[in-house]
Each structure stands twice: as structure tokens, then as C-alpha cells.
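One file, target-v6.cif, is given below (mmCIF, C-alpha atoms).
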data_final
#
loop_
_atom_site.group_PDB
_atom_site.id
_atom_site.type_symbol
_atom_site.label_atom_id
_atom_site.label_comp_id
_atom_site.auth_asym_id
_atom_site.auth_seq_id
_atom_site.Cartn_x
_atom_site.Cartn_y
_atom_site.Cartn_z
ATOM 1 C CA MET A 1 22.484 -15.156 6.551
ATOM 2 C CA PRO A 2 19.473 -12.907 7.239
ATOM 3 C CA ALA A 3 16.799 -14.130 9.659
ATOM 4 C CA ARG A 4 14.095 -13.414 7.083
ATOM 5 C CA PRO A 5 14.057 -13.488 3.303
ATOM 6 C CA GLU A 6 14.652 -10.107 1.706
ATOM 7 C CA LEU A 7 11.794 -8.425 -0.134
ATOM 8 C CA MET A 8 12.439 -7.747 -3.815
ATOM 9 C CA ARG A 9 10.940 -4.598 -5.317
ATOM 10 C CA PRO A 10 8.338 -5.394 -8.003
ATOM 11 C CA ALA A 11 8.709 -3.922 -11.494
ATOM 12 C CA ASP A 12 7.165 -0.482 -12.080
ATOM 13 C CA ASP A 13 4.703 -1.824 -14.670
ATOM 14 C CA ALA A 14 3.503 -4.498 -12.241
ATOM 15 C CA ILE A 15 2.984 -1.866 -9.547
ATOM 16 C CA ALA A 16 1.101 0.397 -11.977
ATOM 17 C CA ALA A 17 -1.199 -2.461 -13.032
ATOM 18 C CA ALA A 18 -1.816 -3.405 -9.391
ATOM 19 C CA MET A 19 -2.536 0.257 -8.542
ATOM 20 C CA SER A 20 -5.203 0.344 -11.236
ATOM 21 C CA ARG A 21 -6.766 -2.864 -9.885
ATOM 22 C CA ALA A 22 -6.580 -1.598 -6.281
ATOM 23 C CA LEU A 23 -8.380 1.655 -7.109
ATOM 24 C CA THR A 24 -11.065 -0.265 -9.008
ATOM 25 C CA ALA A 25 -11.428 -2.810 -6.190
ATOM 26 C CA LEU A 26 -11.752 -0.120 -3.518
ATOM 27 C CA ALA A 27 -14.384 1.728 -5.547
ATOM 28 C CA LEU A 28 -16.355 -1.506 -5.978
ATOM 29 C CA VAL A 29 -16.053 -2.351 -2.266
ATOM 30 C CA ILE A 30 -17.305 1.102 -1.289
ATOM 31 C CA LEU A 31 -20.242 0.845 -3.706
ATOM 32 C CA ALA A 32 -21.071 -2.652 -2.441
ATOM 33 C CA LEU A 33 -21.062 -1.522 1.190
ATOM 34 C CA GLY A 34 -23.543 1.272 0.494
ATOM 35 C CA ASP A 35 -24.567 4.077 2.827
ATOM 36 C CA GLY A 36 -23.105 4.109 6.304
ATOM 37 C CA GLU A 37 -20.037 4.241 8.490
ATOM 38 C CA HIS A 38 -17.472 1.626 7.449
ATOM 39 C CA THR A 39 -14.094 0.435 8.674
ATOM 40 C CA LEU A 40 -11.801 -1.372 6.236
ATOM 41 C CA ASN A 41 -9.092 -3.602 7.727
ATOM 42 C CA LEU A 42 -6.445 -5.214 5.532
ATOM 43 C CA VAL A 43 -3.966 -7.752 6.901
ATOM 44 C CA ALA A 44 -1.228 -9.131 4.668
ATOM 45 C CA GLU A 45 1.440 -11.759 5.208
ATOM 46 C CA ARG A 46 4.586 -10.703 3.415
ATOM 47 C CA THR A 47 7.094 -13.080 1.863
ATOM 48 C CA ASP A 48 9.614 -12.120 4.573
ATOM 49 C CA ASP A 49 7.334 -13.793 7.173
ATOM 50 C CA THR A 50 6.012 -10.553 8.650
ATOM 51 C CA PHE A 51 2.437 -9.321 8.885
ATOM 52 C CA VAL A 52 1.364 -5.803 8.015
ATOM 53 C CA ARG A 53 -1.989 -4.169 8.648
ATOM 54 C CA GLY A 54 -3.859 -1.166 7.366
ATOM 55 C CA GLN A 55 -7.133 0.335 8.572
ATOM 56 C CA ALA A 56 -9.294 3.135 7.219
ATOM 57 C CA ASP A 57 -12.607 4.590 8.380
ATOM 58 C CA LEU A 58 -15.067 5.834 5.753
ATOM 59 C CA SER A 59 -18.485 7.417 5.696
ATOM 60 C CA THR A 60 -20.569 7.012 2.536
ATOM 61 C CA GLY A 61 -23.938 8.219 1.368
ATOM 62 C CA THR A 62 -26.063 8.423 -1.755
ATOM 63 C CA ASP A 63 -28.440 11.279 -0.991
ATOM 64 C CA PRO A 64 -26.438 13.372 -1.677
ATOM 65 C CA VAL A 65 -23.540 11.296 -3.029
ATOM 66 C CA ARG A 66 -20.606 11.553 -0.639
ATOM 67 C CA LEU A 67 -17.482 9.717 0.474
ATOM 68 C CA THR A 68 -15.677 10.960 3.532
ATOM 69 C CA VAL A 69 -12.321 9.440 4.434
ATOM 70 C CA LEU A 70 -11.770 10.142 8.115
ATOM 71 C CA ASN A 71 -7.943 9.921 7.968
ATOM 72 C CA GLU A 72 -6.294 10.461 4.571
ATOM 73 C CA ASP A 73 -2.938 9.026 5.712
ATOM 74 C CA ALA A 74 -4.537 5.823 7.017
ATOM 75 C CA TYR A 75 -6.521 5.433 3.780
ATOM 76 C CA ALA A 76 -3.369 5.997 1.693
ATOM 77 C CA ALA A 77 -1.516 3.353 3.723
ATOM 78 C CA LEU A 78 -4.368 0.846 3.294
ATOM 79 C CA ARG A 79 -4.532 1.579 -0.444
ATOM 80 C CA THR A 80 -0.764 1.087 -0.795
ATOM 81 C CA LEU A 81 -0.903 -2.183 1.101
ATOM 82 C CA LEU A 82 -3.722 -3.359 -1.168
ATOM 83 C CA VAL A 83 -1.609 -2.489 -4.232
ATOM 84 C CA PHE A 84 1.208 -4.739 -3.032
ATOM 85 C CA ALA A 85 -1.220 -7.497 -2.010
ATOM 86 C CA LEU A 86 -2.823 -7.482 -5.480
ATOM 87 C CA GLU A 87 0.580 -7.306 -7.205
ATOM 88 C CA GLY A 88 1.546 -10.416 -5.261
ATOM 89 C CA SER A 89 5.312 -10.743 -5.504
ATOM 90 C CA THR A 90 6.001 -9.533 -1.935
ATOM 91 C CA VAL A 91 2.791 -10.786 -0.266
ATOM 92 C CA ARG A 92 1.834 -14.427 0.393
ATOM 93 C CA GLY A 93 -1.764 -13.728 1.312
ATOM 94 C CA ALA A 94 -4.076 -10.938 2.379
ATOM 95 C CA VAL A 95 -7.584 -10.439 3.741
ATOM 96 C CA LEU A 96 -9.757 -7.322 3.561
ATOM 97 C CA VAL A 97 -12.567 -7.115 6.141
ATOM 98 C CA ALA A 98 -15.227 -4.398 6.007
ATOM 99 C CA THR A 99 -17.229 -3.630 9.144
ATOM 100 C CA THR A 100 -20.325 -1.462 8.862
ATOM 101 C CA ALA A 101 -21.849 0.280 11.864
ATOM 102 C CA ALA A 102 -25.424 -1.033 12.072
ATOM 103 C CA GLU A 103 -28.128 -1.604 14.664
ATOM 104 C CA PRO A 104 -28.523 -3.682 16.728
ATOM 105 C CA ARG A 105 -24.884 -4.647 16.078
ATOM 106 C CA PRO A 106 -22.220 -4.055 13.432
ATOM 107 C CA ARG A 107 -22.022 -6.328 10.414
ATOM 108 C CA ALA A 108 -18.915 -7.548 8.601
ATOM 109 C CA CYS A 109 -17.938 -9.141 5.320
ATOM 110 C CA GLY A 110 -14.555 -9.970 3.875
ATOM 111 C CA TRP A 111 -12.496 -10.758 0.819
ATOM 112 C CA THR A 112 -9.262 -12.690 0.301
ATOM 113 C CA VAL A 113 -6.666 -11.745 -2.282
ATOM 114 C CA ARG A 114 -6.181 -14.469 -4.897
ATOM 115 C CA SER A 115 -4.768 -14.181 -8.401
ATOM 116 C CA GLY A 116 -4.485 -10.415 -8.189
ATOM 117 C CA TRP A 117 -8.089 -9.704 -7.161
ATOM 118 C CA LEU A 118 -10.471 -9.656 -4.174
ATOM 119 C CA HIS A 119 -12.668 -12.764 -3.803
ATOM 120 C CA PRO A 120 -15.431 -13.209 -1.179
ATOM 121 C CA MET A 121 -14.116 -14.793 1.997
ATOM 122 C CA ASP A 122 -15.636 -17.937 3.448
ATOM 123 C CA THR A 123 -18.105 -16.703 6.077
ATOM 124 C CA ALA A 124 -17.216 -19.475 8.561
ATOM 125 C CA LYS A 125 -13.555 -18.383 8.486
ATOM 126 C CA LEU A 126 -14.576 -14.747 8.757
ATOM 127 C CA GLN A 127 -16.820 -15.527 11.742
ATOM 128 C CA GLN A 128 -13.836 -17.115 13.516
ATOM 129 C CA ALA A 129 -11.685 -14.096 12.692
ATOM 130 C CA VAL A 130 -14.098 -11.493 14.082
ATOM 131 C CA ILE A 131 -15.112 -13.268 17.306
ATOM 132 C CA PRO A 132 -13.910 -11.126 20.222
ATOM 133 C CA CYS A 133 -11.159 -12.637 22.360
ATOM 134 C CA PRO A 134 -12.372 -14.056 25.682
ATOM 135 C CA GLY A 135 -12.343 -11.465 28.435
ATOM 136 C CA VAL A 136 -11.950 -8.539 26.028
ATOM 137 C CA PRO A 137 -14.866 -6.112 25.880
ATOM 138 C CA ALA A 138 -15.851 -5.945 22.215
ATOM 139 C CA VAL A 139 -18.992 -5.895 20.130
ATOM 140 C CA ARG A 140 -19.873 -9.092 18.304
ATOM 141 C CA ARG A 141 -20.292 -8.519 14.561
ATOM 142 C CA GLU A 142 -22.919 -10.102 12.352
ATOM 143 C CA VAL A 143 -21.118 -11.807 9.451
ATOM 144 C CA TYR A 144 -22.587 -11.912 5.941
ATOM 145 C CA ASP A 145 -21.453 -13.042 2.495
ATOM 146 C CA ALA A 146 -19.278 -10.453 0.788
ATOM 147 C CA PRO A 147 -20.505 -9.471 -2.653
ATOM 148 C CA VAL A 148 -18.580 -10.744 -5.654
ATOM 149 C CA LEU A 149 -16.651 -7.847 -7.136
ATOM 150 C CA PRO A 150 -16.633 -7.867 -10.950
ATOM 151 C CA GLN A 151 -13.062 -7.787 -12.197
ATOM 152 C CA ILE A 152 -12.697 -5.015 -14.730
ATOM 153 C CA THR A 153 -9.576 -5.571 -16.782
ATOM 154 C CA ASP A 154 -7.511 -2.985 -18.595
ATOM 155 C CA THR A 155 -6.308 -4.298 -21.945
ATOM 156 C CA ASP A 156 -3.027 -2.394 -21.547
ATOM 157 C CA GLU A 157 -2.013 -4.095 -18.312
ATOM 158 C CA GLU A 158 -0.400 -7.463 -17.831
ATOM 159 C CA GLY A 159 -2.352 -10.260 -16.172
ATOM 160 C CA PRO A 160 -2.556 -10.194 -12.372
ATOM 161 C CA ARG A 161 0.179 -11.824 -10.344
ATOM 162 C CA GLY A 162 -0.177 -13.647 -7.081
#

Structure rendered as C-alpha cells:
Amino acid sequence: MPARPELMRPADDAIAAAMSRALTALALVILALGDGEHTLNLVAERTDDTFVRGQADLSTGTDPVRLTVLNEDAYAALRTLLVFALEGSTVRGAVLVATTAAEPRPRACGWTVRSGWLHPMDTAKLQQAVIPCPGVPAVRREVYDAPVLPQITDTDEEGPRG
């Protein structure tokens, strides 16, 4: 008997639908964050009792319009993880936290994955999550309410899972 449950591969159509939602969600997150230097962190608990994490650093601007992904491989890994989190059959839960470099200190907001979409995270829970560990030199982040991301549905895709 295996120590952990085995992950089952989702159906191709479910992955395709989740990919569409993930690309839409990431675009909406980037637009909501606005100009600046941002770090996206995604942590997911898989159904085999393991945790996986992805992180990507972005730079965005509107004058002129630009999006710079600082590490394409890291961004691709985060995007893939978000696809599986939104698809839901291999992930129990996931949280996406965005930190924006700002003065006098960075600010952070977050979303949880529920029903195949990103929903604003409770700020009290987010505040607990981003507090630096005692004795570890780290910058305290100002926590704010994440914007609600409008869910744009594709009539050709099945309903979200998860």
C-alpha cells in the first residue's frame, strides 16, 4: 500500500478549460495589481498530501504598456500549477499571494482557489501568512483586500471543478 494516495491525471478537456481560466485569471490579476514590481506566490496542497509552490517575478507598466516576466521558466511553472489548482481534481486547496514592491514597505493581497476560480482571501488570514518568522530578517508587508476578479466564462467549456 502506497504511503500517499496516487494522483490521477485529469481529462484533457478539463485541463484545457482550466488553462483558459488560468490565463484569464492571471491577466486579471496583473491588471488589478497595476504598475510596479510584483511577485506572485502560489502554494497548493495536492490530494496526495504534498505541497507544491510556484513563484514568479513580474514588472508591469502602463506608460508605455509593458509586462516583463523576469524568469520565463518560473512563470510557466506557476501558470501550470494554477491550471491544476483551478481544475481541482488533484489539488485540495491553493492560495495565490501577490506582493508589490512599494514604499515605505511592500504590500500584499491574496486569493484562494474555490470552485475553479480565484476569490479574495480573508485579510486576517493573509496577515498571519505573511508575518515574518521570529528571528528571521524580513520586511513586513502591508496587507490589503484583494480585488474581486470577474469570472469570464467560455460557453464551450464545462463548469469549473474543485

Contacts of stretch 59-95 of chain A with stretch 19-38 of chain A up to 6 Å, shortest pair per row, only C-alpha atoms, as CSV:
residue,atom,partner,partner_atom,distance
A:Ser59,CA,A:Glu37,CA,4.5
A:Thr60,CA,A:Asp35,CA,5.0
A:Gly61,CA,A:Asp35,CA,4.4
A:Val83,CA,A:Met19,CA,5.2

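Among the candidates A:Ala85, A:Ala44, A:Ala146, A:Leu70, the residue lying nearest to A:Ile15 is A:Ala85 (atoms considered: only C-alpha atoms).
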
Explicit residue set for the PyMOL selection byres ((chain A and resi 115-128) around 10), as a JSON list (two decimals) with C-alpha atoms, in the frame of the given file:
[["chain", "number", "residue", "atom", "x", "y", "z"],
["A", 17, "ALA", "CA", -1.20, -2.46, -13.03],
["A", 18, "ALA", "CA", -1.82, -3.40, -9.39],
["A", 21, "ARG", "CA", -6.77, -2.86, -9.88],
["A", 22, "ALA", "CA", -6.58, -1.60, -6.28],
["A", 25, "ALA", "CA", -11.43, -2.81, -6.19],
["A", 26, "LEU", "CA", -11.75, -0.12, -3.52],
["A", 29, "VAL", "CA", -16.05, -2.35, -2.27],
["A", 82, "LEU", "CA", -3.72, -3.36, -1.17],
["A", 83, "VAL", "CA", -1.61, -2.49, -4.23],
["A", 84, "PHE", "CA", 1.21, -4.74, -3.03],
["A", 85, "ALA", "CA", -1.22, -7.50, -2.01],
["A", 86, "LEU", "CA", -2.82, -7.48, -5.48],
["A", 87, "GLU", "CA", 0.58, -7.31, -7.20],
["A", 88, "GLY", "CA", 1.55, -10.42, -5.26],
["A", 94, "ALA", "CA", -4.08, -10.94, 2.38],
["A", 95, "VAL", "CA", -7.58, -10.44, 3.74],
["A", 96, "LEU", "CA", -9.76, -7.32, 3.56],
["A", 97, "VAL", "CA", -12.57, -7.12, 6.14],
["A", 108, "ALA", "CA", -18.92, -7.55, 8.60],
["A", 109, "CYS", "CA", -17.94, -9.14, 5.32],
["A", 110, "GLY", "CA", -14.56, -9.97, 3.88],
["A", 111, "TRP", "CA", -12.50, -10.76, 0.82],
["A", 112, "THR", "CA", -9.26, -12.69, 0.30],
["A", 113, "VAL", "CA", -6.67, -11.74, -2.28],
["A", 114, "ARG", "CA", -6.18, -14.47, -4.90],
["A", 129, "ALA", "CA", -11.68, -14.10, 12.69],
["A", 130, "VAL", "CA", -14.10, -11.49, 14.08],
["A", 131, "ILE", "CA", -15.11, -13.27, 17.31],
["A", 132, "PRO", "CA", -13.91, -11.13, 20.22],
["A", 140, "ARG", "CA", -19.87, -9.09, 18.30],
["A", 141, "ARG", "CA", -20.29, -8.52, 14.56],
["A", 142, "GLU", "CA", -22.92, -10.10, 12.35],
["A", 143, "VAL", "CA", -21.12, -11.81, 9.45],
["A", 144, "TYR", "CA", -22.59, -11.91, 5.94],
["A", 145, "ASP", "CA", -21.45, -13.04, 2.50],
["A", 146, "ALA", "CA", -19.28, -10.45, 0.79],
["A", 147, "PRO", "CA", -20.50, -9.47, -2.65],
["A", 148, "VAL", "CA", -18.58, -10.74, -5.65],
["A", 149, "LEU", "CA", -16.65, -7.85, -7.14],
["A", 150, "PRO", "CA", -16.63, -7.87, -10.95],
["A", 151, "GLN", "CA", -13.06, -7.79, -12.20],
["A", 159, "GLY", "CA", -2.35, -10.26, -16.17],
["A", 160, "PRO", "CA", -2.56, -10.19, -12.37],
["A", 161, "ARG", "CA", 0.18, -11.82, -10.34],
["A", 162, "GLY", "CA", -0.18, -13.65, -7.08]]

Would you kindly translate the PyMOL selection byres ((chain A and resi 53) around 7) into the concrete residues it picks from this file, as a PDB file with C-alpha atoms, keeping the file's coordinate frame?
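Result saved to result17.pdb:
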ATOM      1  CA  LEU A  42      -6.445  -5.214   5.532  1.00  0.00           C
ATOM      2  CA  VAL A  43      -3.966  -7.752   6.901  1.00  0.00           C
ATOM      3  CA  ALA A  44      -1.228  -9.131   4.668  1.00  0.00           C
ATOM      4  CA  PHE A  51       2.437  -9.321   8.885  1.00  0.00           C
ATOM      5  CA  VAL A  52       1.364  -5.803   8.015  1.00  0.00           C
ATOM      6  CA  GLY A  54      -3.859  -1.166   7.366  1.00  0.00           C
ATOM      7  CA  GLN A  55      -7.133   0.335   8.572  1.00  0.00           C
TER       8      GLN A  55
END

When distances are computed from all atoms listed in the file, which of A:Thr99, A:Ala16, A:Ala138, A:Arg105 shows the smallest separation from A:Thr80?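 Closest residue, counting all atoms listed in the file: A:Ala16.
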
Would you translate the PyMOL selection byres ((chain A and resi 56) around 8) into the concrete set of residues it matches in this file, as a short mmCIF file (atom, residue, chain, number, x, y, z; two decimals) with C-alpha atoms, in the frame of the given file?
data_model
loop_
_atom_site.label_atom_id
_atom_site.label_comp_id
_atom_site.auth_asym_id
_atom_site.auth_seq_id
_atom_site.Cartn_x
_atom_site.Cartn_y
_atom_site.Cartn_z
CA THR A 39 -14.09 0.44 8.67
CA LEU A 40 -11.80 -1.37 6.24
CA ASN A 41 -9.09 -3.60 7.73
CA GLY A 54 -3.86 -1.17 7.37
CA GLN A 55 -7.13 0.34 8.57
CA ASP A 57 -12.61 4.59 8.38
CA LEU A 58 -15.07 5.83 5.75
CA VAL A 69 -12.32 9.44 4.43
CA LEU A 70 -11.77 10.14 8.12
CA ASN A 71 -7.94 9.92 7.97
CA ALA A 74 -4.54 5.82 7.02
CA TYR A 75 -6.52 5.43 3.78
CA LEU A 78 -4.37 0.85 3.29
#

Kindly write stretch 34-52 of chain A with N, CA and C atoms to a file, as a short mmCIF file (atom, residue, chain, number, x, y, z; two decimals), in the first residue's frame.
data_model
loop_
_atom_site.label_atom_id
_atom_site.label_comp_id
_atom_site.auth_asym_id
_atom_site.auth_seq_id
_atom_site.Cartn_x
_atom_site.Cartn_y
_atom_site.Cartn_z
N GLY A 34 -1.65 46.51 -11.26
CA GLY A 34 -1.21 47.79 -11.81
C GLY A 34 0.29 47.89 -11.99
N ASP A 35 0.75 49.12 -12.19
CA ASP A 35 2.17 49.38 -12.42
C ASP A 35 3.01 48.95 -11.22
N GLY A 36 4.19 48.42 -11.50
CA GLY A 36 5.11 48.11 -10.42
C GLY A 36 5.84 46.81 -10.58
N GLU A 37 6.57 46.47 -9.54
CA GLU A 37 7.32 45.22 -9.46
C GLU A 37 6.54 44.29 -8.56
N HIS A 38 6.15 43.13 -9.08
CA HIS A 38 5.28 42.21 -8.35
C HIS A 38 5.90 40.81 -8.27
N THR A 39 5.63 40.14 -7.16
CA THR A 39 5.99 38.74 -7.01
C THR A 39 4.70 37.97 -6.74
N LEU A 40 4.46 36.94 -7.56
CA LEU A 40 3.31 36.06 -7.37
C LEU A 40 3.80 34.76 -6.75
N ASN A 41 3.18 34.35 -5.65
CA ASN A 41 3.49 33.09 -4.99
C ASN A 41 2.22 32.25 -4.94
N LEU A 42 2.30 31.02 -5.40
CA LEU A 42 1.17 30.11 -5.38
C LEU A 42 1.58 28.86 -4.61
N VAL A 43 0.81 28.52 -3.60
CA VAL A 43 1.04 27.30 -2.82
C VAL A 43 -0.22 26.46 -2.93
N ALA A 44 -0.02 25.18 -3.26
CA ALA A 44 -1.15 24.27 -3.43
C ALA A 44 -0.92 23.01 -2.62
N GLU A 45 -1.99 22.52 -2.00
CA GLU A 45 -1.96 21.23 -1.33
C GLU A 45 -2.57 20.21 -2.27
N ARG A 46 -1.77 19.24 -2.66
CA ARG A 46 -2.26 18.22 -3.59
C ARG A 46 -3.03 17.15 -2.84
N THR A 47 -3.78 16.35 -3.58
CA THR A 47 -4.57 15.28 -2.98
C THR A 47 -3.71 14.13 -2.48
N ASP A 48 -2.41 14.12 -2.80
CA ASP A 48 -1.51 13.09 -2.28
C ASP A 48 -0.78 13.57 -1.02
N ASP A 49 -1.34 14.63 -0.39
CA ASP A 49 -0.84 15.18 0.88
C ASP A 49 0.51 15.87 0.77
N THR A 50 0.88 16.32 -0.41
CA THR A 50 2.11 17.09 -0.57
C THR A 50 1.75 18.54 -0.91
N PHE A 51 2.71 19.42 -0.67
CA PHE A 51 2.53 20.83 -1.01
C PHE A 51 3.49 21.16 -2.14
N VAL A 52 3.01 21.96 -3.08
CA VAL A 52 3.86 22.44 -4.17
C VAL A 52 3.74 23.96 -4.22
#
